[in-house]
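Dumped work.txt below, it's compact mmCIF, C-alpha atoms:
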# COMPACT_ATOMS: atom_id res chain seq x y z
CA MET A 1 3.09 -10.76 -5.63
CA GLN A 2 5.06 -13.93 -6.41
CA ASN A 3 2.17 -15.87 -7.97
CA LEU A 4 0.69 -13.03 -10.05
CA PHE A 5 2.76 -13.48 -13.19
CA GLN A 6 2.63 -16.24 -15.81
CA GLU A 7 5.30 -17.20 -18.29
CA VAL A 8 4.80 -15.72 -21.75
CA THR A 9 5.61 -18.17 -24.55
CA VAL A 10 3.59 -16.86 -27.52
CA HIS A 11 4.64 -14.76 -30.48
CA ARG A 12 4.80 -10.94 -30.17
CA VAL A 13 5.98 -11.12 -26.58
CA PRO A 14 5.80 -7.41 -25.60
CA ASP A 15 2.09 -7.23 -26.43
CA LYS A 16 1.41 -10.32 -24.36
CA ILE A 17 3.30 -8.83 -21.42
CA VAL A 18 1.27 -5.64 -21.73
CA ASN A 19 -1.99 -7.59 -21.87
CA GLN A 20 -1.09 -9.62 -18.80
CA LEU A 21 -0.15 -6.60 -16.67
CA VAL A 22 -3.17 -4.59 -17.82
CA ALA A 23 -5.38 -7.55 -16.86
CA LEU A 24 -3.79 -7.71 -13.39
CA ILE A 25 -4.42 -3.98 -12.92
CA GLY A 26 -7.99 -4.37 -14.18
CA GLU A 27 -8.61 -7.22 -11.75
CA GLY A 28 -7.24 -5.13 -8.88
CA ARG A 29 -4.46 -7.62 -8.19
CA LEU A 30 -1.98 -4.86 -8.97
CA ALA A 31 -3.13 -1.66 -7.26
CA PRO A 32 -2.05 1.98 -7.68
CA GLY A 33 1.22 2.49 -5.86
CA ASP A 34 2.31 -1.16 -6.06
CA LYS A 35 5.96 -1.52 -6.99
CA LEU A 36 6.78 -4.04 -9.71
CA PRO A 37 9.71 -6.40 -9.18
CA PRO A 38 13.08 -5.25 -10.58
CA GLU A 39 13.47 -5.79 -14.34
CA ARG A 40 15.67 -8.84 -14.02
CA GLU A 41 13.37 -10.56 -11.53
CA LEU A 42 10.22 -9.62 -13.45
CA GLY A 43 11.72 -10.94 -16.68
CA GLU A 44 12.54 -14.25 -14.99
CA ARG A 45 9.00 -14.60 -13.61
CA LEU A 46 7.50 -13.89 -16.99
CA GLY A 47 10.05 -16.05 -18.80
CA VAL A 48 10.95 -13.27 -21.26
CA GLY A 49 14.09 -11.47 -22.36
CA ARG A 50 15.09 -8.02 -21.15
CA SER A 51 14.52 -6.33 -24.53
CA SER A 52 10.92 -7.63 -24.77
CA LEU A 53 10.23 -6.62 -21.16
CA ARG A 54 11.64 -3.12 -21.64
CA GLU A 55 9.53 -2.62 -24.77
CA ALA A 56 6.43 -3.75 -22.87
CA LEU A 57 7.19 -1.43 -19.94
CA SER A 58 7.68 1.47 -22.34
CA ILE A 59 4.25 0.77 -23.83
CA LEU A 60 2.67 0.57 -20.38
CA GLU A 61 4.32 3.83 -19.35
CA ALA A 62 3.12 5.57 -22.52
CA LEU A 63 -0.42 4.29 -21.90
CA GLY A 64 -0.34 5.60 -18.33
CA TYR A 65 -0.48 2.27 -16.49
CA VAL A 66 2.94 2.52 -14.83
CA GLU A 67 5.48 5.18 -14.01
CA VAL A 68 9.25 4.87 -13.72
CA ARG A 69 10.70 6.69 -10.72
CA GLN A 70 14.42 7.31 -10.93
CA ARG A 71 16.40 5.12 -8.53
CA LYS A 72 13.15 3.87 -6.96
CA GLY A 73 11.65 1.47 -9.50
CA ILE A 74 8.50 0.96 -11.55
CA PHE A 75 5.12 1.64 -9.94
CA VAL A 76 1.52 1.03 -10.94
CA LYS A 77 -0.39 4.26 -11.57
CA GLY A 78 -4.04 5.02 -11.00
CA VAL A 79 -5.90 4.69 -14.29
CA ALA A 80 -6.12 8.28 -15.48
CA PRO A 81 -9.51 9.81 -16.23
CA SER A 82 -10.07 10.66 -19.88
CA LEU A 83 -11.25 14.20 -19.13
CA SER A 84 -9.17 16.96 -17.61
CA LEU A 85 -10.09 17.81 -14.03
CA GLU A 86 -8.54 21.29 -14.23
CA PRO A 87 -11.93 23.11 -14.45
CA LEU A 88 -13.11 21.32 -11.28
CA SER A 89 -9.81 22.10 -9.57
CA ARG A 90 -10.25 25.79 -10.39
CA MET A 91 -13.77 25.79 -8.95
CA LEU A 92 -12.61 24.20 -5.71
CA ARG A 93 -9.76 26.67 -5.34
CA ALA A 94 -12.18 29.54 -5.92
CA ASP A 95 -14.81 28.19 -3.52
CA PHE A 96 -13.34 25.93 -0.84
CA GLY A 97 -16.83 25.16 0.41
CA LYS A 98 -17.50 23.08 -2.70
CA LEU A 99 -14.98 20.59 -1.39
CA HIS A 100 -17.84 19.10 0.62
CA MET A 101 -19.49 18.02 -2.61
CA LEU A 102 -16.40 16.08 -3.61
CA TYR A 103 -16.15 14.58 -0.13
CA GLU A 104 -19.78 13.47 -0.30
CA VAL A 105 -18.79 11.38 -3.31
CA ARG A 106 -15.76 10.07 -1.45
CA ASN A 107 -17.93 9.20 1.55
CA ASP A 108 -20.27 7.18 -0.65
CA ILE A 109 -17.38 5.24 -2.13
CA GLU A 110 -15.45 4.64 1.08
CA LEU A 111 -18.39 3.67 3.28
CA ALA A 112 -19.25 1.02 0.71
CA SER A 113 -15.56 0.01 0.56
CA ALA A 114 -15.36 -0.52 4.33
CA ALA A 115 -18.53 -2.62 4.42
CA ALA A 116 -17.48 -4.73 1.43
CA ALA A 117 -13.96 -5.15 2.82
CA ALA A 118 -15.41 -6.58 6.05
CA ARG A 119 -17.20 -9.22 3.98
CA LEU A 120 -14.56 -10.00 1.37
CA ARG A 121 -11.13 -9.29 2.87
CA THR A 122 -8.42 -11.92 2.81
CA ASP A 123 -5.66 -12.49 5.35
CA GLU A 124 -3.30 -10.68 2.97
CA ASP A 125 -5.69 -7.70 2.85
CA LEU A 126 -5.79 -7.54 6.64
CA GLU A 127 -2.00 -7.62 6.82
CA ASN A 128 -1.82 -4.79 4.29
CA ILE A 129 -4.38 -2.62 6.11
CA LEU A 130 -2.73 -3.23 9.49
CA ARG A 131 0.66 -2.37 8.02
CA CYS A 132 -0.79 0.96 6.83
CA VAL A 133 -2.25 1.65 10.30
CA GLU A 134 1.09 0.94 11.95
CA ARG A 135 2.94 3.18 9.51
CA LEU A 136 0.49 5.99 10.24
CA GLU A 137 1.07 5.58 13.96
CA ALA A 138 4.84 5.41 13.52
CA VAL A 139 5.19 8.68 11.60
CA GLN A 140 3.45 10.67 14.37
CA GLY A 141 2.22 13.24 11.87
CA ARG A 142 4.35 13.84 8.78
CA PRO A 143 4.34 12.51 6.11
CA PHE A 144 0.71 11.85 7.03
CA TRP A 145 -0.93 12.29 3.63
CA GLU A 146 0.79 9.49 1.75
CA HIS A 147 0.26 6.98 4.58
CA ASP A 148 -3.38 8.00 4.99
CA GLN A 149 -3.89 7.52 1.25
CA ALA A 150 -2.24 4.09 1.43
CA PHE A 151 -4.66 3.08 4.23
CA HIS A 152 -7.79 4.11 2.34
CA VAL A 153 -6.56 2.53 -0.89
CA ALA A 154 -5.84 -0.70 1.03
CA VAL A 155 -9.42 -0.75 2.34
CA ALA A 156 -10.74 -0.18 -1.18
CA GLN A 157 -8.51 -2.96 -2.48
CA ALA A 158 -9.93 -5.32 0.17
CA SER A 159 -13.42 -4.56 -1.16
CA ARG A 160 -12.45 -6.48 -4.33
CA ASN A 161 -13.57 -3.63 -6.61
CA PHE A 162 -10.73 -2.17 -8.67
CA ILE A 163 -12.84 0.84 -9.72
CA ARG A 164 -13.11 1.90 -6.08
CA VAL A 165 -9.34 1.56 -5.77
CA HIS A 166 -8.68 3.90 -8.68
CA MET A 167 -11.38 6.40 -7.68
CA VAL A 168 -10.07 6.68 -4.12
CA THR A 169 -6.55 7.11 -5.50
CA HIS A 170 -7.65 9.90 -7.85
CA ILE A 171 -9.60 11.77 -5.18
CA PHE A 172 -6.56 11.75 -2.89
CA GLU A 173 -4.24 12.90 -5.66
CA PHE A 174 -6.72 15.53 -6.80
CA THR A 175 -7.27 17.04 -3.34
CA ARG A 176 -3.64 16.81 -2.22
CA PRO A 177 -2.67 20.33 -3.42
CA LEU A 178 -5.73 21.74 -1.64
CA LEU A 179 -5.51 19.91 1.68
CA GLU A 180 -2.09 18.42 2.39
CA SER A 181 -0.55 21.62 3.76
CA TRP A 182 -3.64 22.21 5.91
CA VAL A 183 -3.47 18.67 7.33
CA ASP A 184 0.23 19.14 8.14
CA GLU A 185 -0.59 22.45 9.84
CA LEU A 186 -3.42 20.87 11.82
CA LEU A 187 -1.23 18.04 13.12
CA GLU A 188 1.54 20.48 13.98
CA GLN A 189 -0.66 23.02 15.78
CA GLU A 190 -3.03 20.52 17.38
CA PRO A 191 -1.03 17.38 18.22
CA ALA A 192 -4.06 15.89 20.01
CA SER A 193 -5.67 15.46 16.60
CA PHE A 194 -3.20 12.74 15.69
CA PRO A 195 -4.26 10.23 18.39
CA SER A 196 -7.89 10.81 17.33
CA LEU A 197 -7.07 10.00 13.72
CA SER A 198 -4.98 6.98 14.72
CA GLY A 199 -7.84 5.65 16.83
CA GLN A 200 -10.27 6.09 13.95
CA HIS A 201 -8.06 4.13 11.58
CA ARG A 202 -7.58 1.41 14.19
CA GLY A 203 -11.34 1.20 14.67
CA ILE A 204 -11.96 0.78 10.93
CA TYR A 205 -9.32 -1.93 10.73
CA ALA A 206 -10.75 -3.76 13.78
CA ALA A 207 -14.26 -3.84 12.30
CA ILE A 208 -12.96 -5.14 8.97
CA ALA A 209 -10.85 -7.76 10.74
CA ALA A 210 -13.92 -8.83 12.76
CA GLY A 211 -15.90 -9.30 9.54
CA ASP A 212 -18.55 -6.80 10.69
CA PRO A 213 -19.77 -4.77 7.65
CA GLY A 214 -22.18 -2.59 9.66
CA THR A 215 -19.59 -1.52 12.20
CA ALA A 216 -16.93 -1.03 9.50
CA ARG A 217 -19.29 1.30 7.66
CA GLN A 218 -20.13 3.14 10.88
CA ARG A 219 -16.46 3.58 11.85
CA MET A 220 -15.66 4.96 8.40
CA GLN A 221 -18.65 7.32 8.66
CA GLU A 222 -17.44 8.56 12.06
CA HIS A 223 -14.00 9.13 10.58
CA PHE A 224 -15.44 11.28 7.79
CA ALA A 225 -17.75 13.17 10.17
CA TRP A 226 -14.70 14.11 12.26
CA SER A 227 -12.77 15.15 9.15
CA ASP A 228 -15.70 17.14 7.75
CA ALA A 229 -16.03 19.05 11.03
CA ARG A 230 -12.35 19.97 10.95
CA ILE A 231 -12.58 21.07 7.30
CA ASP A 232 -15.55 23.30 8.23
CA GLU A 233 -13.59 24.79 11.10
CA HIS A 234 -10.59 25.41 8.86
CA HIS A 235 -12.82 27.05 6.25
CA ARG A 236 -14.40 29.37 8.83
CA ARG A 237 -10.99 30.42 10.14
CA ALA A 238 -9.65 31.03 6.64
CA TYR A 239 -12.73 33.06 5.72
CA ALA A 240 -12.52 35.11 8.94
CA GLY A 241 -8.85 35.78 8.31
CA ALA A 242 -9.49 36.90 4.74
CA ALA A 243 -12.38 39.14 5.82
CA GLY A 244 -10.23 40.77 8.49
CA ALA A 245 -7.29 41.38 6.18
Starting from the file, lay out its structure as structure tokens.
Amino acid sequence: MQNLFQEVTVHRVPDKIVNQLVALIGEGRLAPGDKLPPERELGERLGVGRSSLREALSILEALGYVEVRQRKGIFVKGVAPSLSLEPLSRMLRADFGKLHMLYEVRNDIELASAAAAARLRTDEDLENILRCVERLEAVQGRPFWEHDQAFHVAVAQASRNFIRVHMVTHIFEFTRPLLESWVDELLEQEPASFPSLSGQHRGIYAAIAAGDPGTARQRMQEHFAWSDARIDEHHRRAYAGAAGA
């Protein structure tokens, strides 16, 4: 992240800071979840005073580009959709089977991400994806969701398409209330599922690292086929339990 920022020397400094950071987010060079440097360091890199930087960060926070987490720092947010997703959320909660429709959209995006990443990834991208794989393997289950999201976002980022990055981020955040507890339960009750998931992530990374778009796409497709089958099984069990209640 050291070479991302340029000194700001023009008039109306806060606006120029905002424009620069928004451009970096738009270019995908700052991705959702990325942590910005501490205020003092960021101000030095930009060549601006603390008051101008704080005003710019307040503007960015109000616009929804960053969020300030107490005692943790400032993080890039996914660009929020302009329309409320609450009606869709209600439909999915009422009919869990409709989740497949959302996952069809996710499949389309992520299969394309994997293939593009195999063609366009940089050494830095590969390091980022591998780091996500290793974190997933290290946690041995929980907190699985956040590390799984980081992996898929890293693949999307390697595809050099910032829209994919934000769409993958939103789908994860949108489905988290519906699926996170189920995923935790699955990994707890069926520990053998975790090595399967780890192997799938490793396979996707290996294909991207090898620069093989076809295999990367296939490995991602296999990953989703496995996940879809488990979602179906979970849905059948939940339905049977409700019918027998």
inquiry  = Excluding Ala56 of chain A and its own-chain neighbours fewer than 5 positions away, which residues fall within 10 Å of it when counting all atoms listed in the file? Please give them as a PyMOL selection string.
reply    = chain A and resi 13-19+21+50-51+61-62
Those residues you just picked out, can you put them in a file as an mmCIF file, in the frame of the given file with C-alpha atoms?
data_model
loop_
_atom_site.group_PDB
_atom_site.id
_atom_site.type_symbol
_atom_site.label_atom_id
_atom_site.label_comp_id
_atom_site.auth_asym_id
_atom_site.auth_seq_id
_atom_site.Cartn_x
_atom_site.Cartn_y
_atom_site.Cartn_z
ATOM 1 C CA VAL A 13 5.980 -11.120 -26.580
ATOM 2 C CA PRO A 14 5.800 -7.410 -25.600
ATOM 3 C CA ASP A 15 2.090 -7.230 -26.430
ATOM 4 C CA LYS A 16 1.410 -10.320 -24.360
ATOM 5 C CA ILE A 17 3.300 -8.830 -21.420
ATOM 6 C CA VAL A 18 1.270 -5.640 -21.730
ATOM 7 C CA ASN A 19 -1.990 -7.590 -21.870
ATOM 8 C CA LEU A 21 -0.150 -6.600 -16.670
ATOM 9 C CA ARG A 50 15.090 -8.020 -21.150
ATOM 10 C CA SER A 51 14.520 -6.330 -24.530
ATOM 11 C CA GLU A 61 4.320 3.830 -19.350
ATOM 12 C CA ALA A 62 3.120 5.570 -22.520
#
query = So how many Å separate atom CA of Val139 of chain A and atom CA of Ala154 of chain A, to one decimal?
reply = 17.9 Å
key: Best match for closeness to Gln140 of chain A among A:Glu180, A:Asp228, A:Glu173, A:Glu188, counting all atoms listed in the file   =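 Counting all atoms listed in the file, the residue closest to Gln140 of chain A is A:Glu188.
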key: Spatial neighbours of Ala31 of chain A, max dist 10 Å, all atoms listed in the file, sep filter under 2 positions, as a PyMOL selection string   = chain A and resi 24-29+33-35+75-79+153-154+156-157+162+165-166+169
note = From the list A:Arg176, A:Arg219, A:Arg40, A:His152, the nearest residue to Arg106 of chain A using all atoms listed in the file is A:His152
ask   = If we count all atoms listed in the file, what is near Val155 of chain A at a cut-off of 8 Å, once residues fewer than 6 positions away on the same chain are taken out, given as a ChimeraX atom specification?
value = /A:113-114,117,125,129
request  = Select, counting only C-alpha atoms, all protein, DNA and RNA residues no farther than 8 Å from (-11.4, 11.8, 13.6) in file coordinates, and express the selection as an MDAnalysis selection string.
outcome  = chainID A and resid 193 196:197 199:200 222:227
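The shortest atom-to-atom distance to Ala158 of chain A, with all atoms listed in the file taken into account, belongs to A:Leu126 out of A:Leu126, A:Leu36, A:Leu186, A:Cys132.
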message = Just checking: using all atoms listed in the file, which residue out of A:Leu187, A:Val66, A:Arg202, A:Gln221 ends up closest to Glu104 of chain A?
response = A:Gln221
ask   = Between atom CA of Glu185 of chain A and atom CA of Asp232 of chain A, what is the distance, to one decimal in Å?
value = 15.1 Å
ask   = Using all atoms listed in the file, which of A:Ser181, A:Thr122, A:Thr175, A:Ser58 sits nearest Leu99 of chain A?
value =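 Result for the nearest residue to Leu99 of chain A: A:Thr175.
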task = Can you work out the spacing between atom CA of Leu46 of chain A and atom CA of Phe5 of chain A in Å, to one decimal?
result =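 Rounded to one decimal, the two atoms are 6.1 Å apart.
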